[in-house]
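**Q** Below is one structure. I have some questions about it.
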Amino acid sequence: MKIFSKLYTILVFLFLYAPIIVLIIFSFNSSSSTSMLTGFSLQWYKALFKDEATLTALYNTVILAVCSSVIATALGTAAAVGIDKMKKGAVRSGIMAVTNIPMMNPEIVTGISMMLLFVFAGSLVKNSAVLGFGTMLVAHVTFNLPYVILNVLPKLRQTDKNLAEAAQDLGCRPASAFFKVVLPSIMPGVITGMIMAFTLSLDDFIISYFTSGPGFQTLPIAIFSMTKRRVKPDMYALSALIFVSILVLLIIYNVAQQKSEEKTKKKS
Amino acid sequence: MSNRSSLGSKLIAAPYIVWAMLFIIAPLIFVVYYSFTNADGNFTLANMAELGKCAPTFLRSIGFGIVATLICLVIAFPLAYIISQKTDKVQRTLVMLVMLPMWMSFLIRTYSWMALLQDTGIINSFITKLGLDPVHMINTPGAVILGMVYNFLPYMIMPIYSVMAKLDYSMVEACQDLGGNRLTVIRKCIIPMSMPGVVSGITMVFVPSVSTFYISQKLGGGSFDLIGDVIERQFQQSYNYNLGAAISLVLMVLILICMAVMNRFTEDEEGMVI
């Protein structure tokens, strides 16, 4: 039974990692083929750093992810605080139902629905080139919001309502009571929500595809237009670099978490 | 005391409510509006009438989606169970390994499967080296379903695992004490208790599988159109927004019905487990 479960785990992980291993190997290929190995070279990594279009796309992706996750976190946290104050009832469950829509709807429907809105708004102001950074930012904030709200709400429910009141009794104005007492206690939820929003935005292709214009390309969209023809191994090189950097980040995060857990164990 | 600040603190949600009206509700109204109008903006039912042609595509999408979801469930359930039985440290590492592929562009990973599955690709050159006949894999329904299973498997593993990791093991022990063998424990105890995870896993795999358009284009070679492909073409190639909106509306309603049926199994008040 033990051998069986080990074998099973290995097989599933092999399945999950097979294409990643393939693309890492072929990023070092000396020819431009993505199915025949001809020899080792670093030329695709060199080509990558000379490719202006790809680097611009990478830069655009990061800018968009930072902006949209920050806006979504601010709006979403405020929304969660407001929703938490509301009494259970029609208004509250209505807002929660609307919040769930972007998560439950197929991404393609969210994408085209926003595209229709933007195109219509564009036709109102007689501007046919509305699609671009602005529309993508709005779209990304919209699909990020539910993840922020649903991460912050449970933390708000766990915090003691009397704390904020105590702070106010001690002379805090409501706003400073929020920043000094409530915000620190919901911070883990806010940060998890922000990280989720950031990574979702970084990775998103489908919604971006329908809301982007020719002037502003993100990496997934650049990759998509490339895979319509043939992918050169420089895309593989970029993916390999992204993979390695995420792996390193996750390992650092895990080690740090483990150390802090050991510390708290020692204290107790 | 709390009354003094209650109105002000509710107002803090106002920006979000305005945002949601503008960018969640209004776009959906536009989908409905475009579905029932023609290019000149006059009311018509022609788009809905044309949907009949898409019926085989709808059926194929739903069929592929169901098969992919079932395969994901069969693969993910034992794996989630195996992971949940490990020590905390190993669990964390394995969960990280499950999530890691999701951080890479799914476009590139799907493209990489093409290199693996092609007639002269990596798997086939391995097979011919073993002295066997090459197998035709790319551009088959199997390849499309494999792409779906590959891309969405983590969405099935994660919710099932997170429920299993929190299971009340005194129940499992009670079941064993009452004479249940390994299989009975799994069948009567672990499976029913992990149902919430299974339900949210099913929806998280089924919805993107039904509506995908990239996987079917790359691994199906364009001969197995899914409903996502049809929608994508209306918006990016033939610019028939009205028909595209009508198809999307039907897709959305179909999926909402599926979700409503699934959600009857769980009594979770606010949203699903992520």
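Here, A, B, ... name the chains of the structure tokens in the order displayed, residue numbers run from 1 inside each chain, and ligands are numbered from 1 in the same displayed order.
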Determine which residues of chain B sit within 6 Å of chain A, taking into account only C-alpha atoms, and present them as an MDAnalysis selection string.
**A** chainID B and resid 9:10 12:13 16 27:28 31 109 112:113 115 121 207 248
**Q** Can you write out the residues you just picked, keeping C-alpha atoms, as a PDB file, in the first residue's frame?
**A**
```
ATOM      1  CA  SER B   9     -18.910  52.618   8.279  1.00  0.00           C
ATOM      2  CA  LYS B  10     -21.536  51.211   5.948  1.00  0.00           C
ATOM      3  CA  ILE B  12     -17.282  52.738   3.233  1.00  0.00           C
ATOM      4  CA  ALA B  13     -18.628  49.965   1.002  1.00  0.00           C
ATOM      5  CA  TYR B  16     -17.281  49.065  -4.219  1.00  0.00           C
ATOM      6  CA  PRO B  27     -21.677  44.360 -18.572  1.00  0.00           C
ATOM      7  CA  LEU B  28     -24.127  41.499 -18.013  1.00  0.00           C
ATOM      8  CA  VAL B  31     -24.731  40.789 -22.899  1.00  0.00           C
ATOM      9  CA  ARG B 109       2.451  24.721 -20.884  1.00  0.00           C
ATOM     10  CA  SER B 112       4.645  22.336 -24.613  1.00  0.00           C
ATOM     11  CA  TRP B 113       2.180  19.418 -24.631  1.00  0.00           C
ATOM     12  CA  ALA B 115       5.764  19.022 -28.562  1.00  0.00           C
ATOM     13  CA  GLY B 121       7.087  14.337 -30.937  1.00  0.00           C
ATOM     14  CA  VAL B 207     -16.628  25.730 -15.580  1.00  0.00           C
ATOM     15  CA  SER B 248     -22.365  33.584 -24.103  1.00  0.00           C
TER      16      SER B 248
END
```
**Q** Which polymer residues have any atom within 9 Å of an atom of Val95 in chain B, counting only C-alpha atoms, with same-chain residues fewer than 5 positions away left out, as a PDB file with N, CA and C atoms, in the first residue's frame?
**A**
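This is the output file result14.pdb:
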```pdb
ATOM      1  N   ILE B  83      -1.740  12.981   0.285  1.00  0.00           N
ATOM      2  CA  ILE B  83      -1.053  14.180   0.817  1.00  0.00           C
ATOM      3  C   ILE B  83      -1.499  14.449   2.251  1.00  0.00           C
ATOM      4  N   VAL B  90       5.949  17.668   5.007  1.00  0.00           N
ATOM      5  CA  VAL B  90       5.820  17.050   3.680  1.00  0.00           C
ATOM      6  C   VAL B  90       4.566  17.580   2.992  1.00  0.00           C
ATOM      7  N   LEU B 100       2.641  25.020  -7.933  1.00  0.00           N
ATOM      8  CA  LEU B 100       3.716  25.636  -8.708  1.00  0.00           C
ATOM      9  C   LEU B 100       3.432  25.729 -10.215  1.00  0.00           C
ATOM     10  N   MET B 158      -6.679  20.900  -4.830  1.00  0.00           N
ATOM     11  CA  MET B 158      -6.598  21.832  -3.708  1.00  0.00           C
ATOM     12  C   MET B 158      -7.832  21.832  -2.802  1.00  0.00           C
ATOM     13  N   TYR B 161      -8.103  18.513  -0.938  1.00  0.00           N
ATOM     14  CA  TYR B 161      -7.061  18.392   0.082  1.00  0.00           C
ATOM     15  C   TYR B 161      -7.381  19.257   1.287  1.00  0.00           C
TER      16      TYR B 161
END
```
**Q** Determine which residues of range 77-213 of chain A receive a DSSP assignment of helix (DSSP H, G or I), computed from the backbone, and state them as a compact mmCIF listing (two decimals) with C-alpha atoms, in the first residue's frame.
**A**
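Contents of part.txt, freshly written:
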```txt
# COMPACT_ATOMS: atom_id res chain seq x y z
CA THR A 77 -10.94 45.89 2.08
CA ALA A 78 -13.19 48.95 2.42
CA ALA A 79 -16.05 46.95 0.92
CA ALA A 80 -15.46 44.04 3.31
CA VAL A 81 -15.53 46.40 6.32
CA GLY A 82 -18.81 47.89 5.11
CA ILE A 83 -20.37 44.51 4.35
CA ASP A 84 -19.29 43.18 7.72
CA LYS A 85 -21.17 46.02 9.44
CA ALA A 90 -31.52 40.94 1.52
CA VAL A 91 -29.04 43.79 0.93
CA ARG A 92 -26.10 41.88 2.32
CA SER A 93 -26.81 38.63 0.52
CA GLY A 94 -27.49 40.59 -2.66
CA ILE A 95 -24.07 42.20 -2.46
CA MET A 96 -22.44 38.83 -1.74
CA ALA A 97 -24.21 37.27 -4.72
CA VAL A 98 -22.94 40.05 -7.01
CA THR A 99 -19.45 39.63 -5.55
CA ASN A 100 -19.51 35.95 -6.44
CA ILE A 101 -20.47 36.59 -10.08
CA PRO A 102 -16.94 37.20 -11.45
CA MET A 103 -15.72 34.02 -9.74
CA MET A 104 -18.55 31.78 -10.89
CA GLU A 107 -13.86 33.85 -17.69
CA ILE A 108 -14.74 34.14 -21.35
CA VAL A 109 -18.18 35.50 -20.45
CA THR A 110 -16.67 38.05 -18.04
CA GLY A 111 -14.22 39.03 -20.77
CA ILE A 112 -16.75 39.54 -23.53
CA SER A 113 -19.25 41.27 -21.22
CA MET A 114 -16.65 43.87 -20.29
CA MET A 115 -15.59 44.19 -23.91
CA LEU A 116 -19.20 44.96 -24.90
CA LEU A 117 -19.41 47.61 -22.16
CA PHE A 118 -16.15 49.25 -23.23
CA VAL A 119 -17.00 49.14 -26.93
CA PHE A 120 -20.39 50.67 -26.21
CA ALA A 121 -18.84 53.37 -24.01
CA GLY A 122 -16.31 54.00 -26.76
CA SER A 123 -19.03 54.44 -29.35
CA LEU A 124 -20.71 57.00 -27.08
CA PHE A 133 -4.31 49.99 -20.42
CA GLY A 134 -7.33 51.69 -18.85
CA THR A 135 -9.84 49.04 -19.86
CA MET A 136 -7.50 46.23 -18.84
CA LEU A 137 -6.94 47.87 -15.47
CA VAL A 138 -10.71 48.11 -14.88
CA ALA A 139 -11.17 44.48 -15.93
CA HIS A 140 -8.36 43.22 -13.73
CA VAL A 141 -9.55 45.18 -10.68
CA THR A 142 -13.03 43.75 -11.23
CA PHE A 143 -11.99 40.10 -11.29
CA ASN A 144 -9.54 40.65 -8.40
CA LEU A 145 -12.09 42.25 -6.06
CA PRO A 146 -13.97 39.09 -4.99
CA TYR A 147 -10.74 37.38 -3.95
CA VAL A 148 -9.79 40.33 -1.73
CA ILE A 149 -13.28 40.60 -0.19
CA LEU A 150 -13.57 36.86 0.47
CA ASN A 151 -10.15 36.82 2.14
CA VAL A 152 -10.81 39.85 4.35
CA LEU A 153 -14.39 39.05 5.45
CA PRO A 154 -13.54 35.93 7.52
CA LYS A 155 -10.78 37.85 9.33
CA LEU A 156 -13.24 40.64 10.16
CA ARG A 157 -15.66 38.09 11.52
CA GLN A 158 -12.91 36.75 13.80
CA LYS A 161 -16.10 43.97 17.69
CA ASN A 162 -15.52 45.48 21.12
CA LEU A 163 -11.91 46.32 20.32
CA ALA A 164 -12.80 49.14 17.94
CA GLU A 165 -15.39 50.45 20.38
CA ALA A 166 -12.89 50.33 23.21
CA ALA A 167 -10.46 52.33 21.12
CA GLN A 168 -13.18 54.90 20.46
CA ASP A 169 -14.08 55.05 24.14
CA PRO A 174 -13.57 56.08 14.20
CA ALA A 175 -11.05 56.37 11.35
CA SER A 176 -7.99 56.11 13.56
CA ALA A 177 -9.64 53.32 15.56
CA PHE A 178 -9.89 51.44 12.28
CA PHE A 179 -6.27 51.98 11.29
CA LYS A 180 -4.86 51.34 14.77
CA VAL A 181 -7.00 48.43 15.91
CA VAL A 182 -9.04 46.76 13.17
CA LEU A 183 -6.59 46.93 10.28
CA PRO A 184 -3.69 45.22 12.11
CA SER A 185 -5.92 42.33 13.11
CA ILE A 186 -7.22 41.74 9.58
CA MET A 187 -3.81 42.30 7.96
CA PRO A 188 -3.13 38.60 7.18
CA GLY A 189 -6.35 38.44 5.16
CA VAL A 190 -5.60 41.70 3.38
CA ILE A 191 -2.13 40.49 2.41
CA THR A 192 -3.34 37.06 1.25
CA GLY A 193 -6.01 38.77 -0.84
CA MET A 194 -3.47 41.14 -2.34
CA ILE A 195 -1.05 38.33 -3.22
CA MET A 196 -3.86 36.34 -4.80
CA ALA A 197 -4.99 39.38 -6.77
CA PHE A 198 -1.45 40.05 -7.91
CA THR A 199 -0.82 36.51 -9.15
CA LEU A 200 -4.22 36.23 -10.81
CA SER A 201 -3.60 39.46 -12.64
CA LEU A 202 -0.09 38.37 -13.64
CA ASP A 203 -1.39 35.14 -15.10
CA ILE A 206 -8.72 35.14 -21.21
CA ILE A 207 -10.17 38.35 -19.75
CA SER A 208 -7.14 40.37 -20.86
CA TYR A 209 -7.50 38.97 -24.36
CA PHE A 210 -10.93 40.53 -24.80
CA THR A 211 -10.23 43.85 -23.07
```
**Q** Which polymer residues have any atom within 12 Å of an atom of Val74 in chain B, counting only C-alpha atoms, with same-chain residues fewer than 4 positions away left out, as an mmCIF file with N, CA and C atoms, in the first residue's frame?
**A**
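What follows is the written file part.cif:
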```
data_model
loop_
_atom_site.group_PDB
_atom_site.id
_atom_site.type_symbol
_atom_site.label_atom_id
_atom_site.label_comp_id
_atom_site.auth_asym_id
_atom_site.auth_seq_id
_atom_site.Cartn_x
_atom_site.Cartn_y
_atom_site.Cartn_z
ATOM 1 N N VAL A 12 1.502 11.152 -10.706
ATOM 2 C CA VAL A 12 0.706 12.371 -10.881
ATOM 3 C C VAL A 12 1.628 13.581 -11.038
ATOM 4 N N VAL B 67 -16.313 14.638 -18.968
ATOM 5 C CA VAL B 67 -15.278 13.598 -18.952
ATOM 6 C C VAL B 67 -14.019 14.124 -18.243
ATOM 7 N N ALA B 68 -13.601 15.353 -18.601
ATOM 8 C CA ALA B 68 -12.393 15.916 -17.983
ATOM 9 C C ALA B 68 -12.570 16.057 -16.471
ATOM 10 N N THR B 69 -13.770 16.507 -16.055
ATOM 11 C CA THR B 69 -14.017 16.690 -14.622
ATOM 12 C C THR B 69 -13.958 15.353 -13.894
ATOM 13 N N LEU B 70 -14.555 14.312 -14.490
ATOM 14 C CA LEU B 70 -14.542 13.002 -13.834
ATOM 15 C C LEU B 70 -13.121 12.459 -13.727
ATOM 16 N N PRO B 78 -7.555 10.340 -4.667
ATOM 17 C CA PRO B 78 -6.529 9.569 -3.946
ATOM 18 C C PRO B 78 -5.306 10.409 -3.610
ATOM 19 N N LEU B 79 -4.908 11.307 -4.532
ATOM 20 C CA LEU B 79 -3.723 12.111 -4.268
ATOM 21 C C LEU B 79 -3.948 13.023 -3.064
ATOM 22 N N ALA B 80 -5.126 13.671 -3.019
ATOM 23 C CA ALA B 80 -5.428 14.553 -1.890
ATOM 24 C C ALA B 80 -5.392 13.752 -0.592
ATOM 25 N N TYR B 81 -5.916 12.525 -0.638
ATOM 26 C CA TYR B 81 -5.911 11.681 0.563
ATOM 27 C C TYR B 81 -4.485 11.338 0.968
ATOM 28 N N VAL B 149 -7.595 18.179 -18.431
ATOM 29 C CA VAL B 149 -7.250 17.523 -17.165
ATOM 30 C C VAL B 149 -5.950 18.119 -16.643
ATOM 31 N N LEU B 153 -6.346 20.162 -13.179
ATOM 32 C CA LEU B 153 -6.195 19.191 -12.094
ATOM 33 C C LEU B 153 -5.901 19.847 -10.734
ATOM 34 N N MET B 156 -8.823 20.787 -8.719
ATOM 35 C CA MET B 156 -9.559 19.698 -8.076
ATOM 36 C C MET B 156 -8.813 19.229 -6.832
ATOM 37 N N ILE B 157 -7.475 19.150 -6.928
ATOM 38 C CA ILE B 157 -6.695 18.639 -5.798
ATOM 39 C C ILE B 157 -6.827 19.572 -4.595
ATOM 40 N N ILE B 160 -10.194 19.592 -2.391
ATOM 41 C CA ILE B 160 -10.391 18.299 -1.718
ATOM 42 C C ILE B 160 -9.352 18.143 -0.611
ATOM 43 N N VAL B 198 -15.109 18.124 -2.709
ATOM 44 C CA VAL B 198 -15.365 17.514 -4.009
ATOM 45 C C VAL B 198 -16.286 18.410 -4.837
ATOM 46 N N GLY B 201 -14.463 21.440 -5.992
ATOM 47 C CA GLY B 201 -13.508 21.021 -7.016
ATOM 48 C C GLY B 201 -14.178 20.787 -8.357
ATOM 49 N N ILE B 202 -15.348 20.115 -8.314
ATOM 50 C CA ILE B 202 -16.061 19.834 -9.566
ATOM 51 C C ILE B 202 -16.425 21.127 -10.286
#
```
**Q** Excluding Leu59 in chain B and any residue of its chain fewer than 5 positions from it, enumerate the residues within 10 Å of it, using only C-alpha atoms, and give them as a list in words.
**A**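 Here the answer would be Cys54, Phe64, Gly65, Val210, Leu226 and Ile227 of chain B.
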**Q** Expressed in Å to a single decimal, how great is the separation between CA of Ser35 in chain B and CA of Ala245 in chain B?
**A**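 Distance between the two atoms: 5.1 Å.
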**Q** Given only C-alpha atoms as the basis, pick out the residue of A:Ser260, A:Asn127, A:Ser41, A:Ser27 nearest to Leu241 in chain A.
**A**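 Closest to Leu241 in chain A of all the choices is A:Ser27.
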